[in-house]
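J.: Quick one: structure below, then a few questions.
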There are 2 protein chains.
Amino acid sequence: MRDPLPQLPGYSLRRAAHATATELGARLATLGLRQVDASVLILIAENADITASALGRQLDIQRANMVPLLKKLEDERLIERQPLDGKSQALLLTAAGRARMEAALGIIHAFEDELLARIPARHREHLLPALNALWR
Amino acid sequence: MRDPLPQLPGYSLRRAAHATATELGARLATLGLRQVDASVLILIAENADITASALGRQLDIQRANMVPLLKKLEDERLIERQPLDGKSQALLLTAAGRARMEAALGIIHAFEDELLARIPARHREHLLPALNALWR
DNA sequence: CGGTATTGTTATGGGCCATAGCTATCTGGA
DNA sequence: TCCAGATAGCTATGGCCCATAACAATACCG
């Protein structure tokens, strides 16, 4: 079959992202986490007392969509909220949250290693800077 | 803010794909097309009389999800179906479909050029082979 | 010829994201 | 000090994309 699509970086980006997201998602699901959950836990771990709004800005997630996301993590006792003032709240990991985050980080790092291993050596180091040039 | 996420290829892939999909989607929307519509039109143009099932296999779209997709394109008179036998149907572009496909291709190629231009020259040529190694 | 595979289809649900709008609170400049 | 505008958190809603299950009709193959 003639298929010119894989010659298009935008299309390949789409397919590669979908394929890798499916794989990583399946592995994180063993922890009861989605990718976005893991990224939130990681960012809270690195930035204690961050607010939901700041977290959303960093991850490019609308405030509205942070609500159910954080509620799920709070319901599972992975994060806690402490009022900073009358309208803001500081987010921090519980002990369980830190443990879950570290488990997720293990899965993610193993996965990243596998990803890079699939790429021919001469292209490997160029992937990350090329990708980051597209959105940062 | 400390943010280790952009150091992870999987995360950067996710963000880059989302950012570029949003941009390209907005441009294709001026033609009344989504990205997946454009990819279907392109593939039918290159492979006249392809079946819906074969198209889905090539694009990794479930048969069930091809139904509303093709129905939309047929309703807009961009594609036509001709029975191949009692259960299969050949897909082909109408004249309007070919024109729409070519317009989409113009938008896509212009967009791809812009994408590549954002990438520092020494990384540029490595993106496509690196991406394709991740899913093909 | 009969069992199996394939095709097209309906129905349904989840994940992720966007937008609009609301209330309460904070903040900075007059 | 005070008030207008910015900000934080939230509800509600809808769209896109994808996955699964199930079904009838048809094609294929040993």
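Residues in the structure tokens are named by chain (A, B, ... in the order shown) and by number from 1 within that chain; ligands are numbered from 1 in the order shown.
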Can you build me a table of range 14-105 of chain B residues sitting at most 12 Å from range 50-64 of chain A, with the closest atom pair per residue and its distance in Å to one decimal, using only C-alpha atoms, sorted by chain and residue number, as JSON lines?

T.:
{"residue": "B:Arg14", "atom": "CA", "partner": "A:Leu59", "partner_atom": "CA", "distance": 11.2}
{"residue": "B:Arg15", "atom": "CA", "partner": "A:Leu59", "partner_atom": "CA", "distance": 9.0}
{"residue": "B:Ala16", "atom": "CA", "partner": "A:Asp60", "partner_atom": "CA", "distance": 11.9}
{"residue": "B:His18", "atom": "CA", "partner": "A:Asp60", "partner_atom": "CA", "distance": 10.4}
{"residue": "B:Ala19", "atom": "CA", "partner": "A:Asp60", "partner_atom": "CA", "distance": 10.1}

J.: Report the closest atom pair, with its distance in Å rounded to one decimal, for each residue of chain B that has an atom no farther than 10 Å from chain D; count only C-alpha atoms (C1' of nucleotides), sort by chain and then rising residue number, and write it as JSON lines.

T.:
{"residue": "B:Arg34", "atom": "CA", "partner": "D:DC16", "partner_atom": "C1'", "distance": 9.4}
{"residue": "B:Val36", "atom": "CA", "partner": "D:DC17", "partner_atom": "C1'", "distance": 9.5}
{"residue": "B:Ile61", "atom": "CA", "partner": "D:DC18", "partner_atom": "C1'", "distance": 8.2}
{"residue": "B:Gln62", "atom": "CA", "partner": "D:DC18", "partner_atom": "C1'", "distance": 8.4}
{"residue": "B:Ala64", "atom": "CA", "partner": "D:DA19", "partner_atom": "C1'", "distance": 9.7}
{"residue": "B:Asn65", "atom": "CA", "partner": "D:DC18", "partner_atom": "C1'", "distance": 8.0}
{"residue": "B:Asp85", "atom": "CA", "partner": "D:DT26", "partner_atom": "C1'", "distance": 8.7}
{"residue": "B:Gly86", "atom": "CA", "partner": "D:DT26", "partner_atom": "C1'", "distance": 6.0}
{"residue": "B:Lys87", "atom": "CA", "partner": "D:DT26", "partner_atom": "C1'", "distance": 5.5}
{"residue": "B:Ser88", "atom": "CA", "partner": "D:DT26", "partner_atom": "C1'", "distance": 8.8}

J.: Near His123 in chain B, counting only C-alpha atoms (C1' of nucleotides), which residues have an atom at most 10 Å away, once you skip same-chain residues fewer than 2 positions from it, shown as a PyMOL selection string?

T.: (chain A and resi 123+125-131+133) or (chain B and resi 116+119-121+125-127)

J.: I'd like to know which of A:Leu13, A:Ile42, A:Leu78, A:Met1 is closest to Ile108 in chain A, using only C-alpha atoms.

T.: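 Of all the options, A:Ile42 lies closest to Ile108 in chain A.
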
J.: Output as a list of chain:residue names the set of chain C residues within 12 Å of chain A, with distances taken over only C-alpha atoms (C1' of nucleotides).

T.: C:DG15, C:DC16, C:DC17, C:DA18, C:DT19, C:DA20, C:DG21, C:DT23, C:DA24, C:DT25, C:DC26

J.: Give me the residues within 9 Å of Arg98 in chain A as a list of chain:residue names, counting only C-alpha atoms (C1' of nucleotides) and dropping any in the same chain fewer than 2 places off.

T.: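 Non-adjacent residues within range: A:Leu41, A:Ile42, A:Ala45, A:Leu78, A:Ile79, A:Leu93, A:Thr94, A:Ala95, A:Ala96, A:Arg100, A:Met101, A:Glu102, A:Ala103.
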
J.: Rounded to one decimal place, report the CA of Ala29 in chain B-CA of Ala21 in chain A distance in Å.

T.: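 Answer for the CA of Ala29 in chain B to CA of Ala21 in chain A separation: 25.3 Å.
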
J.: Present chain A as a CSV table (one decimal) with C-alpha atoms, in the first residue's frame, least-squares fitted onto chain B over all of its C-alpha atoms paired in order.

T.:
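What follows is the written file superposed.csv:
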chain,number,residue,atom,x,y,z
A,1,MET,CA,9.9,26.1,39.4
A,2,ARG,CA,11.7,22.7,39.4
A,3,ASP,CA,10.3,20.7,36.5
A,4,PRO,CA,12.1,17.5,35.6
A,5,LEU,CA,9.4,16.4,33.1
A,6,PRO,CA,10.8,18.0,30.0
A,7,GLN,CA,13.8,15.8,30.4
A,8,LEU,CA,11.7,12.8,29.8
A,9,PRO,CA,11.3,11.9,26.1
A,10,GLY,CA,7.9,10.3,26.7
A,11,TYR,CA,6.6,13.4,28.4
A,12,SER,CA,8.1,15.7,25.7
A,13,LEU,CA,6.6,13.5,23.0
A,14,ARG,CA,3.2,13.9,24.6
A,15,ARG,CA,3.5,17.7,25.0
A,16,ALA,CA,4.9,18.2,21.5
A,17,ALA,CA,2.2,16.0,19.9
A,18,HIS,CA,-0.5,17.9,21.7
A,19,ALA,CA,0.9,21.3,20.9
A,20,THR,CA,1.3,20.5,17.2
A,21,ALA,CA,-2.0,18.7,16.9
A,22,THR,CA,-3.8,21.8,18.3
A,23,GLU,CA,-2.1,24.1,15.8
A,24,LEU,CA,-2.6,21.8,12.8
A,25,GLY,CA,-6.1,21.1,13.8
A,26,ALA,CA,-7.0,24.7,13.9
A,27,ARG,CA,-5.7,25.2,10.3
A,28,LEU,CA,-7.5,22.1,8.9
A,29,ALA,CA,-10.7,23.2,10.6
A,30,THR,CA,-10.8,26.0,8.1
A,31,LEU,CA,-11.5,23.3,5.5
A,32,GLY,CA,-14.0,21.6,7.8
A,33,LEU,CA,-11.6,18.7,8.3
A,34,ARG,CA,-9.9,17.1,11.3
A,35,GLN,CA,-6.5,15.6,11.1
A,36,VAL,CA,-7.9,12.1,10.9
A,37,ASP,CA,-10.2,13.2,8.0
A,38,ALA,CA,-7.2,14.5,6.1
A,39,SER,CA,-5.2,11.4,6.6
A,40,VAL,CA,-8.1,9.3,5.3
A,41,LEU,CA,-8.5,11.4,2.2
A,42,ILE,CA,-4.8,11.3,1.5
A,43,LEU,CA,-4.7,7.5,1.8
A,44,ILE,CA,-7.7,7.0,-0.4
A,45,ALA,CA,-6.2,9.3,-3.0
A,46,GLU,CA,-3.0,7.2,-3.0
A,47,ASN,CA,-4.9,3.9,-2.9
A,48,ALA,CA,-8.1,4.0,-5.0
A,49,ASP,CA,-10.7,1.4,-4.2
A,50,ILE,CA,-9.2,0.6,-0.8
A,51,THR,CA,-11.7,-0.9,1.7
A,52,ALA,CA,-12.7,0.6,5.0
A,53,SER,CA,-11.1,-2.2,6.8
A,54,ALA,CA,-7.8,-1.9,5.0
A,55,LEU,CA,-7.8,1.8,5.6
A,56,GLY,CA,-8.4,1.2,9.3
A,57,ARG,CA,-5.6,-1.3,9.5
A,58,GLN,CA,-3.1,1.1,7.9
A,59,LEU,CA,-4.1,4.0,10.1
A,60,ASP,CA,-4.6,1.9,13.2
A,61,ILE,CA,-8.2,2.9,13.5
A,62,GLN,CA,-10.7,0.3,14.7
A,63,ARG,CA,-13.3,-0.7,12.2
A,64,ALA,CA,-16.0,0.5,14.6
A,65,ASN,CA,-14.5,4.0,14.6
A,66,MET,CA,-14.2,4.2,10.8
A,67,VAL,CA,-18.0,4.1,10.5
A,68,PRO,CA,-18.9,7.6,11.7
A,69,LEU,CA,-15.7,9.0,10.1
A,70,LEU,CA,-16.5,7.7,6.7
A,71,LYS,CA,-20.1,8.6,7.1
A,72,LYS,CA,-19.2,12.2,7.6
A,73,LEU,CA,-16.9,12.3,4.6
A,74,GLU,CA,-19.6,10.6,2.5
A,75,ASP,CA,-22.3,13.0,3.7
A,76,GLU,CA,-20.1,15.9,2.6
A,77,ARG,CA,-19.7,14.2,-0.8
A,78,LEU,CA,-16.0,13.9,-0.4
A,79,ILE,CA,-15.9,10.2,-0.9
A,80,GLU,CA,-18.1,7.6,-2.5
A,81,ARG,CA,-18.5,3.9,-1.9
A,82,GLN,CA,-18.9,1.2,-4.5
A,83,PRO,CA,-19.7,-2.4,-3.5
A,84,LEU,CA,-16.8,-4.8,-4.3
A,85,ASP,CA,-18.8,-7.8,-3.4
A,86,GLY,CA,-21.6,-8.6,-0.9
A,87,LYS,CA,-19.8,-7.3,2.1
A,88,SER,CA,-16.8,-5.1,1.0
A,89,GLN,CA,-16.9,-1.7,-0.4
A,90,ALA,CA,-14.4,0.3,-2.4
A,91,LEU,CA,-13.7,3.8,-1.3
A,92,LEU,CA,-12.8,6.6,-3.8
A,93,LEU,CA,-12.6,10.3,-3.8
A,94,THR,CA,-15.1,12.5,-5.5
A,95,ALA,CA,-13.8,15.5,-7.5
A,96,ALA,CA,-14.7,17.6,-4.4
A,97,GLY,CA,-12.9,15.2,-2.3
A,98,ARG,CA,-9.7,15.4,-4.3
A,99,ALA,CA,-9.9,19.2,-4.2
A,100,ARG,CA,-10.3,19.2,-0.5
A,101,MET,CA,-7.5,16.6,-0.1
A,102,GLU,CA,-5.2,18.8,-2.1
A,103,ALA,CA,-6.1,21.9,-0.1
A,104,ALA,CA,-5.4,19.9,3.1
A,105,LEU,CA,-2.1,18.7,1.7
A,106,GLY,CA,-1.1,22.3,1.1
A,107,ILE,CA,-1.9,23.2,4.7
A,108,ILE,CA,-0.1,20.1,6.0
A,109,HIS,CA,3.1,20.6,4.0
A,110,ALA,CA,3.3,24.2,5.0
A,111,PHE,CA,2.8,23.2,8.6
A,112,GLU,CA,5.5,20.5,8.4
A,113,ASP,CA,7.9,23.0,7.0
A,114,GLU,CA,7.2,25.3,9.9
A,115,LEU,CA,7.7,22.5,12.4
A,116,LEU,CA,11.1,21.6,11.0
A,117,ALA,CA,12.1,25.2,10.9
A,118,ARG,CA,11.6,25.4,14.7
A,119,ILE,CA,14.2,22.7,15.2
A,120,PRO,CA,17.9,23.6,15.4
A,121,ALA,CA,19.5,22.5,12.2
A,122,ARG,CA,21.7,19.9,13.8
A,123,HIS,CA,18.8,18.0,15.2
A,124,ARG,CA,16.4,18.5,12.4
A,125,GLU,CA,17.0,15.5,10.1
A,126,HIS,CA,17.0,13.1,13.1
A,127,LEU,CA,13.4,13.8,14.2
A,128,LEU,CA,11.6,11.7,11.6
A,129,PRO,CA,13.7,8.6,11.8
A,130,ALA,CA,13.8,8.8,15.6
A,131,LEU,CA,10.0,9.1,15.8
A,132,ASN,CA,9.4,6.3,13.3
A,133,ALA,CA,11.6,4.0,15.3
A,134,LEU,CA,9.2,4.4,18.2
A,135,TRP,CA,6.1,3.0,16.5
A,136,ARG,CA,6.7,1.5,13.1

J.: Would you mind writing down, as a ChimeraX atom specification, each residue of chain B that DSSP on the backbone assigns to helix (DSSP H, G or I)?

T.: /B:5-7,9-29,35-46,52-59,63-75,95-118,121-124,127-135

J.: Those selected residues, please, written with C-alpha atoms and delivered as a CSV table (one decimal), in the first residue's frame.

T.:
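Saved result, part.csv, follows:
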chain,number,residue,atom,x,y,z
B,5,LEU,CA,9.4,16.4,33.1
B,6,PRO,CA,10.8,18.0,30.0
B,7,GLN,CA,13.9,15.8,30.4
B,9,PRO,CA,11.3,11.9,26.1
B,10,GLY,CA,7.9,10.3,26.7
B,11,TYR,CA,6.6,13.5,28.3
B,12,SER,CA,8.1,15.7,25.7
B,13,LEU,CA,6.6,13.6,23.0
B,14,ARG,CA,3.2,13.9,24.7
B,15,ARG,CA,3.5,17.7,25.0
B,16,ALA,CA,4.9,18.2,21.5
B,17,ALA,CA,2.3,16.1,19.9
B,18,HIS,CA,-0.5,17.9,21.7
B,19,ALA,CA,0.9,21.3,20.9
B,20,THR,CA,1.3,20.5,17.2
B,21,ALA,CA,-2.0,18.7,16.9
B,22,THR,CA,-3.7,21.8,18.3
B,23,GLU,CA,-2.1,24.1,15.8
B,24,LEU,CA,-2.6,21.8,12.8
B,25,GLY,CA,-6.1,21.1,13.8
B,26,ALA,CA,-7.0,24.7,13.9
B,27,ARG,CA,-5.7,25.2,10.3
B,28,LEU,CA,-7.4,22.1,8.9
B,29,ALA,CA,-10.6,23.2,10.6
B,35,GLN,CA,-6.5,15.6,11.1
B,36,VAL,CA,-7.9,12.1,10.9
B,37,ASP,CA,-10.2,13.2,8.0
B,38,ALA,CA,-7.2,14.5,6.1
B,39,SER,CA,-5.2,11.4,6.6
B,40,VAL,CA,-8.1,9.3,5.3
B,41,LEU,CA,-8.5,11.4,2.2
B,42,ILE,CA,-4.8,11.3,1.5
B,43,LEU,CA,-4.7,7.5,1.9
B,44,ILE,CA,-7.7,7.0,-0.4
B,45,ALA,CA,-6.2,9.3,-3.0
B,46,GLU,CA,-3.0,7.1,-3.0
B,52,ALA,CA,-12.7,0.6,5.0
B,53,SER,CA,-11.2,-2.2,6.8
B,54,ALA,CA,-7.8,-2.0,5.0
B,55,LEU,CA,-7.9,1.8,5.6
B,56,GLY,CA,-8.4,1.2,9.3
B,57,ARG,CA,-5.6,-1.3,9.5
B,58,GLN,CA,-3.2,1.1,7.9
B,59,LEU,CA,-4.2,4.0,10.1
B,63,ARG,CA,-13.3,-0.7,12.2
B,64,ALA,CA,-16.0,0.5,14.5
B,65,ASN,CA,-14.6,3.9,14.6
B,66,MET,CA,-14.3,4.2,10.8
B,67,VAL,CA,-18.0,4.1,10.5
B,68,PRO,CA,-18.9,7.7,11.7
B,69,LEU,CA,-15.7,9.0,10.1
B,70,LEU,CA,-16.5,7.7,6.6
B,71,LYS,CA,-20.2,8.6,7.0
B,72,LYS,CA,-19.2,12.2,7.6
B,73,LEU,CA,-17.0,12.3,4.6
B,74,GLU,CA,-19.6,10.6,2.5
B,75,ASP,CA,-22.3,13.0,3.7
B,95,ALA,CA,-13.8,15.5,-7.5
B,96,ALA,CA,-14.7,17.6,-4.5
B,97,GLY,CA,-12.9,15.1,-2.3
B,98,ARG,CA,-9.7,15.4,-4.3
B,99,ALA,CA,-9.8,19.2,-4.3
B,100,ARG,CA,-10.3,19.1,-0.5
B,101,MET,CA,-7.5,16.6,-0.1
B,102,GLU,CA,-5.2,18.8,-2.1
B,103,ALA,CA,-6.1,21.8,-0.1
B,104,ALA,CA,-5.4,19.9,3.1
B,105,LEU,CA,-2.1,18.7,1.7
B,106,GLY,CA,-1.1,22.2,1.1
B,107,ILE,CA,-1.8,23.2,4.7
B,108,ILE,CA,-0.1,20.1,6.0
B,109,HIS,CA,3.1,20.6,4.0
B,110,ALA,CA,3.3,24.2,5.0
B,111,PHE,CA,2.8,23.2,8.6
B,112,GLU,CA,5.5,20.5,8.4
B,113,ASP,CA,7.9,23.1,7.0
B,114,GLU,CA,7.2,25.3,9.9
B,115,LEU,CA,7.7,22.5,12.4
B,116,LEU,CA,11.1,21.6,11.0
B,117,ALA,CA,12.1,25.2,10.9
B,118,ARG,CA,11.6,25.4,14.7
B,121,ALA,CA,19.5,22.5,12.2
B,122,ARG,CA,21.7,19.9,13.8
B,123,HIS,CA,18.8,18.0,15.2
B,124,ARG,CA,16.4,18.5,12.4
B,127,LEU,CA,13.5,13.8,14.2
B,128,LEU,CA,11.6,11.8,11.6
B,129,PRO,CA,13.7,8.6,11.8
B,130,ALA,CA,13.8,8.8,15.6
B,131,LEU,CA,10.0,9.1,15.8
B,132,ASN,CA,9.4,6.4,13.3
B,133,ALA,CA,11.6,4.0,15.3
B,134,LEU,CA,9.2,4.4,18.2
B,135,TRP,CA,6.1,3.1,16.5

J.: To test your reading of the structure, identify every residue in chain A that backbone DSSP assigns to strand (DSSP E), and report it as a list in words.

T.: Ile50, Thr51, Ile79, Glu80, Arg81, Gln82, Pro83, Gln89, Ala90, Leu91, Leu92 and Leu93 of chain A
